[in-house]
Structure formats: C-alpha cells, structure tokens
Amino acid sequence: MTARRTRWTRRTDRSLPIRSAAAAVVFATGATACSAPSDGGKDDGAGAAESVVIAVASEPDTLSPLLGYGKDGNSKIFDGLLARDTDLRLKPALATALPKITDGGRTYTYTLRDGVKFSDGEPLTAEDVVYTYRTVLDEKTNNTARSELDAIEAVRASGDDTVVFTLKYPYAPFAARTVLPIVPEHVAGGQDPNTGDFNTEPVGTGPYVLTDWSKGEKLSFKANPHYWGGRPAVKSFTMAIVPDDNVRATRLRSGDLDGAVLPPNLAATFDKDDGRRTYRARSYDFRAVTLPTSGRVTGDRAIRRALDAAVDRQAMVDKILSGAGRPAYGPLPVDDPWYERGIERPHDLAKARRILDEAGWKPGSGGVRAKDGRRASFTLYYPSGDKVRQDHALAYASDAKKAGIEVKVEGATWEVIEPRMKTDAVLAGLGSVGDPDFGLYTLLHSTLAGDGFNNMAHYDNSAVDEALDTGRRSRDPEKRAAAYDRVQQALVDDPGYTFLTHIDHLYVLADRWDGLTTQLEPHEHGFASGPWWNIEDWQPAK
C-alpha cells in the first residue's frame with residue numbers, strides 16, 4: 001500500500017498516462033516489404049504505397065458518437081475537443097488548448113480551433129459541441145455510456161468558438177471525457193439519433209471519410225480533403241471484417257491483407273516472416289466470468305468465492321495466451337497505480353473445497369456438489385468463434401470441476417447470450433483506460449445492472465456503490481485511492497465476477513510504413529486501438 005501511495009503522490013495530474021511509453025512493446029521481425037493486397041481501400045485511385053487493408057474480428061453496430069461510437073477517442077472519422085497521444089496524455093484536438101478549470105473544478109471552458117470544417121465543407125461551431133453532448137445526455141438517445149457523463153449539469157456555447165461545461169460536482173477525470181467525438185448539428189440534428197442515416201453515413205472532422213460500408217464484410221475510408229490536420233500519406237484504407245482468427249491469419253499470409261489483429265498462437269507463426277512486424281500492446285482488456293447474483297447457483301456467495309480460489313490464472317496466461325498477458329485479480333491490472341496490493345488470490349483448490357464444505361455444498365453424484373437438492377451446476381456462455389474466450393471458458397470449467405462445481409460451456413451468438421445475462425454466466429471481455437472510474441463504475445454500480453453490457457453480473461453491493469460514488473465525486477487523490485481500495489477488497493470478499501486474465505493485444509503488419517506505435521489499450525480494439533490508432537501520421541518506409 002505504501003509503495004502505491006508514493007507513486008500516486010508523484011503523479012497528481014490524472015491526465016497523465018497510466019503507464020509510460022514502455023507499455024507499448026514492439027517486436028520486429030524482418031525488413032522487406034510484402035506484396036500489396038489486391039482488394040479494398042483504393043476507391044480514390046491511390047497506389048499500393050498509399051493504401052492499407054487491415055483485418056479485424058468485428059464491426060461496430062453504429063458509427064454515430066451519439067450512440068457511443070468512438071467515445072474513448074481515436075475515431076478516424078471524428079475528433080473530440082481533446083485527444084490522447086501515444087502515452088495517453090491529453091492534448092488539444094478541436095480545442096486550442098486543454099480546458100480552463102474554475103469554480104473549484106465545476107466549470108470547464110474550451111476554445112475551439114479556427115478554420116475547422118466537417119467533411120461536407122461546413123464549419124465547426126460551438127453549437128455543434130453543445131448539440132453533441134446534449135443529445136448523448138438525452139434519455140431518449142440509446143447511449144448506454146450516458147452514465148460516464150453523469151457529472152455534466154449543463155453545456156452551453158459562448159459565441160461561435162467557446163464551450164462551457166458546468167458540472168454538478170467536481171469530477172477529477174472530466175477532461176478525459178471530452179475526447180467524445182463531435183457531430184454536426186446541421187446533419188444529425190434533423191434525424192432521430194437512434195435510427196437516422198447518420199448511424200451509417202457519418203460526417204465528421206476527422207482525417208478520413210467513410211466511402212463504403214458492406215455490412216459483415218468491410219468498411220472503406222479515404223482521406224478527408226477538409227481535414228484541419230493536413231493530408232495523410234495513407235490516402236485510403238479498408239477495415240476488413242474477418243471474425244475467424246484462422247482466416248485472418250491465412251489472408252495475411254497470402255498477401256491479401258496488410259495487417260491483422262491475431263491471438264497469440266497465430267501471431268507467433270509470423271515471428272520469422274520477412275517483411276512483417278508483430279506489435280504487442282499492453283492493455284486493460286480483461287477476461288472474466290460473470291456470476292449473476294440472481295442465478296440459482298451463482299447467486300450463492302460461497303460458490304463465487306470457491307470459484308475465485310479454484311481458478312488457475314497463471315496457467316491460463318501460460319497456456320492460452322502463450323505468456324502474452326497477466327493474471328487478473330480484478331478489473332485493474334496488477335501494474336496499475338490504482339491497483340490494491342495484497343488482493344492476489346493464488347490457485348488454491350483446498351481453500352475452494354473448504355469454502356464449499358463450510359457453506360453446506362456436499363460432494364454428490366458424478367463428483368458434483370449439491371445443497372438442499374440443488375446441484376452445483378450452471379451454464380457458461382461464450383461468443384461463438386472467439387477461440388481465446390472459448391479456451392478460457394474450457395479451462396475455467398476444468399478448474400471448477402476439481403472443486404466439485406459443474407460448468408457447462410456453450411458457444412452462442414450475442415443475440416442468444418444477451419437475454420440470458422441476468423441469470424446465466426458469460427465469458428466477458430471488458431476494460432477501460434484513463435481513470436478507475438471509467439471501468440469500475442459501469443462494471444459494478446447496482447444502478448447500471450442490466451443496462452446493455454454495463455454491470456453484466458447484476459452485481460449489487462451497497463458498500464461498493466458508496467465507494468464508487470466517493471471515487472467519482474471527490475477531487476482528493478487520497479480519498480479516491482481509499483475508495484477504489486475498498487472496491488477492490490470488496491470483490492475479494494463478495495465477488496460478482498471471476499477475473500481471469502489481462503490480455504496483451506497482438507498485431508501483425510507489413511513492414512512498409514514508419515510511425516507505427518501502440519498505446520496502452522482498452523478492451524475495445526480493432527477500429528480505434530492497434531498500431532493504426534494514428535494511421536493519419538504514418539509515412540512510407542524509407
């Protein structure tokens with residue numbers, strides 16, 4: 001505890017990065033260029049040296065920031081008032097500078113950059129900023145990230161170039177929330193934000209413009225001629241939607257792709273390939289099993305505590321992730337400054353069995369325990385096609401079986417899984433960077449249970465709610481640290497999830513561009529994160 005306090009007091013500005021640039025580790029293999037892909041991303045006539053095709057596992061449901069797209073920054077279509085650099089430091093984007101903070105942390109004032117235009121040629125104004133935030137905050141808008149902007153009491157324009165936010169309470173990380181992309185009122189304002197064409201035909205101020213979206217296949221982009229930051233060297237790019245890990249690897253190997261996100265076992269197959277580099281990004285992306293408190297079996301705290309002890313996290317890191325990750329004992333990684341030292345739970349089957357014995361779960365037929373006629377058995381869903389989650393689920397079931405708990409693993413689509421999340425376990429992937437409030441509040445606060453993918457476990461702990469509210473509403477670093485300590489300790493005593501691993505993200509790309517870097521990444525990766533987070537800054541390799 002003392003060591004962590006010392007680190008915190010040396011970093012009182014929470015807009016600074018959680019980790020240094022060393023968090024982004026790059027492994028280089030080979031030096032010659034591969035052949036250019038033959039498809040996609042060339043709709044503006046650019047040559048192979050100006051076009052990039054990258055494969056990701058999934059596509060967004062919408063491209064509208066009003067519904068949550070790009071809310072953490074790095075959208076190529078839009079900009080926020082602020083953005084983040086390689087080390088996650090906040091920097092001006094549509095604003096000319098970081099905000100002026102007054103009134104004890106309750107007022108944030110931003111001045112807009114001169115001459116910024118949307119991709120349709122219309123000028124950006126302060127009213128566009130006001131419209132964006134007011135629409136996101138409107139309860140009629142289907143944005144499940146609305147709670148992240150809870151601190152806002154009002155937002156108003158002061159002339160054409162100044163925006164003023166008034167907060168209900170001092171919210172320490174508020175500036176980081178203003179990476180939210182800004183949309184044009186003159187386009188989106190005449191539409192229903194939930195169903196309008198803007199969801200698939202966006203107009204923004206970012207470096208690229210969407211030219212085509214073939215659902216389930218690809219999204220194509222070209223350089224925005226009105227971009228305030230100058231014309232990028234990559235004139236066009238395509239994000240190919242390839243859900244299957246093996247297919248992405250095969251297409252990359254054949255030269256059909258310039259790059260792809262890959263699981264560790266497949267990324268390793270490119271280690272000796274000339275002309276490709278593997279990029280490894282540290283992340284806050286964790287895998288965990290949701291244990292709904294309303295489940296017939298998972299609702300028993302003894303079951304949840306026993307599973308927490310039974311799981312072998314290090315074996316998952318070693319065998320499933322090939323070492324590209326870390327054991328997870330909560331939503332915050334063990335190297336995060338806010339992480340509470342001492343909450344580590346080693347693999348301890350004897351403890352798991354003892355917890356179950358004391359709670360009245362007795363060994364039964366087939367090695368499955370039972371209590372009051374209930375078998376210690378439940379179903380664990382994972383999204384079909386996600387090999388890494390499938391492997392986590394199977395390993396989890398194997399560990400649970402040794403303690404006398406039967407976990408039936410089943411793959412399904414999200415359409416099947418979502419209606420079952422209140423009562424059935426799910427192998428979830430979550431995690432946010434920037435501030436502990438960003439990930440913990442939506443994961444654990446009881447008021448958000450069942451709100452989309454927020455609080456998937458329907459966790460309900462009044463002490464945790466109180467600590468989360470304290471952490472959100474206080475500007476005092478020590479009070480915030482103590483509050484998040486209480487949250488993490490509560491998850492040891494009353495777990496709503498079994499946290500398994502924090503995963504490093506691996507990307508393999510053709511080695512023909514300079515300027516590629518990785519950031520410390522959230523769970524959401526593919527479109528926003530990855531080495532292409534700054535694709536507008538890439539230059540041809542010399």
# chains A, B, ... in the order shown; residues from 1 in each chain; ligands from 1
>>> closest_atom_pairs(of="stretch 319-415 of chain A", to="stretch 477-484 of chain A", cutoff="10 Å", atoms="only C-alpha atoms", output="Markdown table")
| residue | atom | partner | partner_atom | distance |
| --- | --- | --- | --- | --- |
| A:Pro337 | CA | A:Ala481 | CA | 9.4 |
| A:Trp338 | CA | A:Ala481 | CA | 6.6 |
| A:Tyr339 | CA | A:Tyr484 | CA | 8.2 |
| A:Glu340 | CA | A:Tyr484 | CA | 7.9 |
>>> select_by_dssp(residues="stretch 182-344 of chain A", states="helix (DSSP H, G or I)", output="number ranges by chain")
A: 185-188, 197-199, 245-254, 264-270, 301-310, 313-319
>>> residues_around(residues="stretch 486-501 of chain A", least_positions_apart="6", cutoff="6 Å", atoms="only C-alpha atoms", output="compact mmCIF listing (two decimals) with N, CA, C and O atoms, in the first residue's frame")
# COMPACT_ATOMS: atom_id res chain seq x y z
N PHE A 286 -9.59 -7.29 -19.96
CA PHE A 286 -9.60 -8.49 -19.13
C PHE A 286 -10.67 -9.48 -19.59
O PHE A 286 -11.66 -9.11 -20.22
N ARG A 287 -10.43 -10.75 -19.27
CA ARG A 287 -11.44 -11.79 -19.46
C ARG A 287 -11.91 -12.20 -18.08
O ARG A 287 -11.10 -12.41 -17.16
N ALA A 288 -13.21 -12.28 -17.93
CA ALA A 288 -13.80 -12.63 -16.64
C ALA A 288 -15.09 -13.39 -16.87
O ALA A 288 -15.74 -13.25 -17.91
N VAL A 289 -15.48 -14.15 -15.87
CA VAL A 289 -16.75 -14.87 -15.90
C VAL A 289 -17.74 -14.10 -15.05
O VAL A 289 -17.49 -13.85 -13.86
N THR A 290 -18.85 -13.68 -15.66
CA THR A 290 -19.90 -13.02 -14.88
C THR A 290 -20.64 -14.08 -14.07
O THR A 290 -20.94 -15.17 -14.57
N LEU A 291 -20.92 -13.77 -12.80
CA LEU A 291 -21.60 -14.71 -11.91
C LEU A 291 -22.84 -14.01 -11.35
O LEU A 291 -22.82 -13.43 -10.26
N ASP A 308 -13.35 -18.40 -7.30
CA ASP A 308 -12.25 -17.45 -7.28
C ASP A 308 -10.95 -18.11 -6.82
O ASP A 308 -9.87 -17.79 -7.30
N ARG A 313 -5.12 -18.95 -12.74
CA ARG A 313 -4.94 -17.83 -13.66
C ARG A 313 -3.60 -17.91 -14.41
O ARG A 313 -3.54 -17.62 -15.61
N ARG A 326 -1.35 -11.21 -18.28
CA ARG A 326 -1.07 -11.28 -16.85
C ARG A 326 -2.28 -11.85 -16.13
O ARG A 326 -3.41 -11.66 -16.60
N PRO A 327 -2.10 -12.50 -14.99
CA PRO A 327 -3.25 -12.92 -14.20
C PRO A 327 -4.06 -11.69 -13.77
O PRO A 327 -3.49 -10.63 -13.48
N ALA A 328 -5.38 -11.83 -13.73
CA ALA A 328 -6.26 -10.73 -13.33
C ALA A 328 -6.92 -11.07 -12.00
O ALA A 328 -7.54 -12.13 -11.86
N TYR A 329 -6.79 -10.18 -11.03
CA TYR A 329 -7.42 -10.35 -9.73
C TYR A 329 -8.53 -9.33 -9.51
O TYR A 329 -9.10 -9.23 -8.43
N GLY A 330 -8.82 -8.59 -10.55
CA GLY A 330 -9.84 -7.57 -10.53
C GLY A 330 -9.81 -6.85 -11.85
O GLY A 330 -9.04 -7.20 -12.76
N TYR A 459 -24.39 -7.12 -10.35
CA TYR A 459 -23.75 -7.03 -9.03
C TYR A 459 -24.44 -5.95 -8.18
O TYR A 459 -24.73 -4.86 -8.67
N VAL A 464 -19.94 -1.12 -2.13
CA VAL A 464 -19.24 -0.84 -3.39
C VAL A 464 -19.84 0.38 -4.07
O VAL A 464 -19.13 1.24 -4.58
>>> residues_around(residues="stretch 142-152 of chain A", least_positions_apart="5", cutoff="9 Å", atoms="only C-alpha atoms", output="PDB file with N, CA and C atoms, in the first residue's frame")
ATOM      1  N   PRO A  65     -21.286   8.788 -32.845  1.00  0.00           N
ATOM      2  CA  PRO A  65     -20.875   9.051 -31.461  1.00  0.00           C
ATOM      3  C   PRO A  65     -22.063   9.288 -30.538  1.00  0.00           C
ATOM      4  N   LEU A  66     -23.201   9.672 -31.094  1.00  0.00           N
ATOM      5  CA  LEU A  66     -24.390   9.902 -30.272  1.00  0.00           C
ATOM      6  C   LEU A  66     -24.849   8.615 -29.613  1.00  0.00           C
ATOM      7  N   LEU A  67     -24.473   7.475 -30.202  1.00  0.00           N
ATOM      8  CA  LEU A  67     -24.844   6.169 -29.654  1.00  0.00           C
ATOM      9  C   LEU A  67     -23.646   5.441 -29.048  1.00  0.00           C
ATOM     10  N   GLY A  68     -22.513   6.145 -28.930  1.00  0.00           N
ATOM     11  CA  GLY A  68     -21.372   5.556 -28.232  1.00  0.00           C
ATOM     12  C   GLY A  68     -20.153   5.288 -29.073  1.00  0.00           C
ATOM     13  N   LYS A  71     -16.302   6.862 -28.328  1.00  0.00           N
ATOM     14  CA  LYS A  71     -16.419   7.673 -27.117  1.00  0.00           C
ATOM     15  C   LYS A  71     -15.098   7.829 -26.364  1.00  0.00           C
ATOM     16  N   TYR A 133     -23.229  16.873 -26.965  1.00  0.00           N
ATOM     17  CA  TYR A 133     -23.315  16.474 -25.558  1.00  0.00           C
ATOM     18  C   TYR A 133     -24.759  16.427 -25.071  1.00  0.00           C
ATOM     19  N   VAL A 136     -26.365  13.177 -26.422  1.00  0.00           N
ATOM     20  CA  VAL A 136     -25.882  11.993 -25.707  1.00  0.00           C
ATOM     21  C   VAL A 136     -26.538  11.901 -24.329  1.00  0.00           C
ATOM     22  N   LEU A 137     -26.716  13.039 -23.675  1.00  0.00           N
ATOM     23  CA  LEU A 137     -27.286  13.059 -22.322  1.00  0.00           C
ATOM     24  C   LEU A 137     -28.802  12.910 -22.313  1.00  0.00           C
ATOM     25  N   PHE A 165     -18.720  23.978 -19.921  1.00  0.00           N
ATOM     26  CA  PHE A 165     -19.382  22.878 -19.206  1.00  0.00           C
ATOM     27  C   PHE A 165     -19.511  23.262 -17.735  1.00  0.00           C
ATOM     28  N   THR A 166     -20.696  23.082 -17.183  1.00  0.00           N
ATOM     29  CA  THR A 166     -20.916  23.255 -15.751  1.00  0.00           C
ATOM     30  C   THR A 166     -21.211  21.884 -15.162  1.00  0.00           C
ATOM     31  N   LEU A 167     -20.475  21.506 -14.126  1.00  0.00           N
ATOM     32  CA  LEU A 167     -20.626  20.181 -13.527  1.00  0.00           C
ATOM     33  C   LEU A 167     -21.461  20.244 -12.253  1.00  0.00           C
ATOM     34  N   LYS A 168     -22.150  19.151 -11.970  1.00  0.00           N
ATOM     35  CA  LYS A 168     -22.928  19.038 -10.733  1.00  0.00           C
ATOM     36  C   LYS A 168     -22.005  18.926  -9.530  1.00  0.00           C
ATOM     37  N   TYR A 169     -20.858  18.316  -9.742  1.00  0.00           N
ATOM     38  CA  TYR A 169     -19.884  18.099  -8.683  1.00  0.00           C
ATOM     39  C   TYR A 169     -18.502  18.042  -9.315  1.00  0.00           C
ATOM     40  N   PRO A 170     -17.465  18.344  -8.567  1.00  0.00           N
ATOM     41  CA  PRO A 170     -16.110  18.246  -9.131  1.00  0.00           C
ATOM     42  C   PRO A 170     -15.818  16.799  -9.535  1.00  0.00           C
ATOM     43  N   TYR A 171     -15.491  16.603 -10.787  1.00  0.00           N
ATOM     44  CA  TYR A 171     -15.234  15.261 -11.322  1.00  0.00           C
ATOM     45  C   TYR A 171     -13.807  15.252 -11.863  1.00  0.00           C
ATOM     46  N   PHE A 174     -12.777  14.600 -15.628  1.00  0.00           N
ATOM     47  CA  PHE A 174     -13.729  15.062 -16.637  1.00  0.00           C
ATOM     48  C   PHE A 174     -13.068  15.403 -17.970  1.00  0.00           C
ATOM     49  N   ARG A 177     -13.018  12.868 -20.522  1.00  0.00           N
ATOM     50  CA  ARG A 177     -14.300  12.524 -21.139  1.00  0.00           C
ATOM     51  C   ARG A 177     -14.582  13.394 -22.364  1.00  0.00           C
ATOM     52  N   PRO A 193     -31.683  10.280 -33.498  1.00  0.00           N
ATOM     53  CA  PRO A 193     -30.330   9.764 -33.240  1.00  0.00           C
ATOM     54  C   PRO A 193     -30.268   8.247 -33.150  1.00  0.00           C
ATOM     55  N   ASN A 194     -31.386   7.603 -32.867  1.00  0.00           N
ATOM     56  CA  ASN A 194     -31.386   6.153 -32.712  1.00  0.00           C
ATOM     57  C   ASN A 194     -31.521   5.415 -34.039  1.00  0.00           C
ATOM     58  N   ASP A 437     -12.503   5.256 -12.493  1.00  0.00           N
ATOM     59  CA  ASP A 437     -13.943   5.479 -12.619  1.00  0.00           C
ATOM     60  C   ASP A 437     -14.468   4.981 -13.956  1.00  0.00           C
ATOM     61  N   PHE A 438     -13.638   5.083 -15.005  1.00  0.00           N
ATOM     62  CA  PHE A 438     -14.096   4.762 -16.344  1.00  0.00           C
ATOM     63  C   PHE A 438     -14.505   3.292 -16.487  1.00  0.00           C
ATOM     64  N   TYR A 441     -17.069   1.890 -12.489  1.00  0.00           N
ATOM     65  CA  TYR A 441     -18.438   2.337 -12.221  1.00  0.00           C
ATOM     66  C   TYR A 441     -19.442   1.561 -13.074  1.00  0.00           C
ATOM     67  N   THR A 442     -19.191   1.485 -14.372  1.00  0.00           N
ATOM     68  CA  THR A 442     -20.132   0.793 -15.253  1.00  0.00           C
ATOM     69  C   THR A 442     -20.108  -0.721 -15.040  1.00  0.00           C
ATOM     70  N   LEU A 448     -26.709   0.368 -12.644  1.00  0.00           N
ATOM     71  CA  LEU A 448     -26.500   0.095 -14.066  1.00  0.00           C
ATOM     72  C   LEU A 448     -26.693  -1.376 -14.411  1.00  0.00           C
ATOM     73  N   ASP A 451     -28.168  -2.663 -17.869  1.00  0.00           N
ATOM     74  CA  ASP A 451     -28.154  -1.560 -18.826  1.00  0.00           C
ATOM     75  C   ASP A 451     -27.171  -1.906 -19.939  1.00  0.00           C
ATOM     76  N   GLY A 452     -27.654  -2.616 -20.944  1.00  0.00           N
ATOM     77  CA  GLY A 452     -26.777  -3.087 -22.005  1.00  0.00           C
ATOM     78  C   GLY A 452     -25.722  -4.027 -21.444  1.00  0.00           C
ATOM     79  N   PHE A 453     -24.451  -3.737 -21.743  1.00  0.00           N
ATOM     80  CA  PHE A 453     -23.361  -4.561 -21.228  1.00  0.00           C
ATOM     81  C   PHE A 453     -22.760  -3.980 -19.949  1.00  0.00           C
ATOM     82  N   ASN A 454     -23.408  -2.969 -19.387  1.00  0.00           N
ATOM     83  CA  ASN A 454     -22.987  -2.457 -18.088  1.00  0.00           C
ATOM     84  C   ASN A 454     -23.417  -3.433 -16.998  1.00  0.00           C
ATOM     85  N   ARG A 472     -15.906   8.837  -7.674  1.00  0.00           N
ATOM     86  CA  ARG A 472     -16.353   9.659  -8.792  1.00  0.00           C
ATOM     87  C   ARG A 472     -16.477  11.127  -8.403  1.00  0.00           C
ATOM     88  N   ARG A 473     -16.920  11.413  -7.195  1.00  0.00           N
ATOM     89  CA  ARG A 473     -17.271  12.780  -6.823  1.00  0.00           C
ATOM     90  C   ARG A 473     -16.175  13.539  -6.068  1.00  0.00           C
TER      91      ARG A 473
END
>>> residues_around(residues="A:Gly404", least_positions_apart="3", cutoff="8 Å", atoms="only C-alpha atoms", output="PDB file with C-alpha atoms, in the first residue's frame")
ATOM      1  CA  ARG A 353     -13.258 -27.125  -1.267  1.00  0.00           C
ATOM      2  CA  PRO A 363     -19.939 -33.921  -2.640  1.00  0.00           C
ATOM      3  CA  GLY A 367     -18.307 -35.518  -8.321  1.00  0.00           C
ATOM      4  CA  VAL A 368     -20.723 -32.555  -8.472  1.00  0.00           C
ATOM      5  CA  ARG A 369     -21.608 -30.987  -5.137  1.00  0.00           C
ATOM      6  CA  ALA A 376     -23.620 -27.008  -8.148  1.00  0.00           C
ATOM      7  CA  ALA A 400     -14.217 -25.674 -11.315  1.00  0.00           C
ATOM      8  CA  LYS A 401     -14.779 -29.403 -11.774  1.00  0.00           C
TER       9      LYS A 401
END
>>> residues_around(residues="stretch 200-214 of chain A", least_positions_apart="5", cutoff="6 Å", atoms="only C-alpha atoms", output="VMD selection string")
chain A and resid 63 76 to 79 118 to 119 183 219 to 224 227
>>> write_last_selection(atoms="N, CA, C and O atoms", output="CSV table (one decimal), in the first residue's frame")
chain,number,residue,atom,x,y,z
A,63,LEU,N,-21.8,4.0,-36.4
A,63,LEU,CA,-20.7,4.9,-36.5
A,63,LEU,C,-21.0,6.3,-35.9
A,63,LEU,O,-20.4,7.2,-36.2
A,76,LYS,N,-11.3,7.6,-36.6
A,76,LYS,CA,-10.7,8.2,-37.8
A,76,LYS,C,-11.7,9.2,-38.5
A,76,LYS,O,-11.3,10.0,-39.4
A,77,ILE,N,-13.0,9.1,-38.2
A,77,ILE,CA,-14.0,9.9,-38.9
A,77,ILE,C,-14.2,11.2,-38.1
A,77,ILE,O,-14.6,12.3,-38.7
A,78,PHE,N,-14.0,11.2,-36.8
A,78,PHE,CA,-14.4,12.3,-35.9
A,78,PHE,C,-13.2,12.8,-35.1
A,78,PHE,O,-12.2,12.0,-35.0
A,79,ASP,N,-13.4,13.9,-34.5
A,79,ASP,CA,-12.4,14.4,-33.5
A,79,ASP,C,-13.2,14.8,-32.2
A,79,ASP,O,-14.4,15.2,-32.3
A,118,PHE,N,-16.2,20.4,-41.2
A,118,PHE,CA,-16.7,19.0,-41.3
A,118,PHE,C,-16.3,18.5,-42.8
A,118,PHE,O,-16.0,19.3,-43.7
A,119,SER,N,-16.4,17.2,-43.0
A,119,SER,CA,-16.1,16.6,-44.2
A,119,SER,C,-17.0,17.0,-45.4
A,119,SER,O,-16.6,16.8,-46.5
A,183,VAL,N,-20.2,15.8,-33.5
A,183,VAL,CA,-21.0,15.6,-34.7
A,183,VAL,C,-21.6,16.9,-35.2
A,183,VAL,O,-21.9,17.8,-34.4
A,219,LEU,N,-15.3,-2.0,-44.2
A,219,LEU,CA,-15.6,-0.6,-44.2
A,219,LEU,C,-14.4,0.1,-44.9
A,219,LEU,O,-13.2,-0.2,-44.6
A,220,SER,N,-14.7,1.0,-45.9
A,220,SER,CA,-13.6,1.6,-46.6
A,220,SER,C,-13.6,3.1,-46.4
A,220,SER,O,-14.6,3.7,-46.2
A,221,PHE,N,-12.4,3.7,-46.3
A,221,PHE,CA,-12.2,5.1,-46.0
A,221,PHE,C,-11.2,5.7,-46.9
A,221,PHE,O,-10.3,5.1,-47.5
A,222,LYS,N,-11.4,7.0,-47.1
A,222,LYS,CA,-10.5,7.8,-47.9
A,222,LYS,C,-10.1,9.1,-47.1
A,222,LYS,O,-10.9,9.5,-46.2
A,223,ALA,N,-9.0,9.7,-47.5
A,223,ALA,CA,-8.6,10.9,-46.8
A,223,ALA,C,-9.7,12.0,-46.9
A,223,ALA,O,-10.3,12.2,-48.0
A,224,ASN,N,-9.9,12.8,-45.8
A,224,ASN,CA,-10.8,13.9,-45.8
A,224,ASN,C,-10.2,15.1,-46.3
A,224,ASN,O,-9.2,15.6,-45.8
A,227,TYR,N,-9.7,18.0,-43.9
A,227,TYR,CA,-9.2,17.8,-42.6
A,227,TYR,C,-8.2,18.9,-42.1
A,227,TYR,O,-7.3,19.3,-42.9
>>> atom_distance(atom1="atom CA of A:Val52", atom2="atom CA of A:Ala268")
22.2 Å
>>> select_by_dssp(residues="stretch 148-378 of chain A", states="strand (DSSP E)", output="ChimeraX atom specification")
/A:152-157,162-167,208-214,218-223,236-241,259-262,276-281,286-290,325-327,370-371,374-375,377-378
>>> closest_residue(among="A:His458, A:Arg374, A:His347, A:Arg280", to="A:Ala324", atoms="only C-alpha atoms")
A:Arg280
>>> closest_residue(among="A:Thr293, A:Gln539, A:Ser283, A:Thr125", to="A:Gly325", atoms="only C-alpha atoms")
A:Ser283
>>> closest_atom_pairs(of="stretch 36-154 of chain A", to="stretch 241-261 of chain A", cutoff="6 Å", atoms="only C-alpha atoms", output="CSV")
residue,atom,partner,partner_atom,distance
A:Pro37,CA,A:Asp256,CA,4.4
A:Val53,CA,A:Asp258,CA,5.2
A:Ile54,CA,A:Gly259,CA,4.7
A:Ala55,CA,A:Ala260,CA,4.6
A:Val56,CA,A:Ile241,CA,5.5
A:Ala57,CA,A:Pro243,CA,4.2
A:Ser58,CA,A:Ile241,CA,5.7
>>> write_last_selection(atoms="C-alpha atoms", output="PDB file, in the first residue's frame")
ATOM      1  CA  PRO A  37      -3.201  -6.592 -51.179  1.00  0.00           C
ATOM      2  CA  VAL A  53      -6.052  -3.180 -45.805  1.00  0.00           C
ATOM      3  CA  ILE A  54      -6.374  -4.377 -42.209  1.00  0.00           C
ATOM      4  CA  ALA A  55      -8.487  -7.229 -40.831  1.00  0.00           C
ATOM      5  CA  VAL A  56     -10.324  -7.027 -37.516  1.00  0.00           C
ATOM      6  CA  ALA A  57     -12.631  -9.508 -35.821  1.00  0.00           C
ATOM      7  CA  SER A  58     -15.823  -7.462 -35.595  1.00  0.00           C
TER       8      SER A  58
END
>>> residues_around(residues="A:Tyr284", least_positions_apart="2", cutoff="9 Å", atoms="only C-alpha atoms", output="PyMOL selection string")
chain A and resi 282+286+331-333+430-433+502-504+520-523
>>> atom_distance(atom1="atom CA of A:Ala93", atom2="atom CA of A:Phe237")
22.2 Å
>>> closest_residue(among="A:Thr518, A:Asn455, A:Pro173, A:Trp228", to="A:Gly471", atoms="only C-alpha atoms")
A:Pro173
>>> atom_distance(atom1="atom CA of A:Asp120", atom2="atom CA of A:His226")
8.0 Å
>>> closest_residue(among="A:Leu307, A:Leu98, A:Ala315, A:Ala281", to="A:Val407", atoms="only C-alpha atoms")
A:Leu307
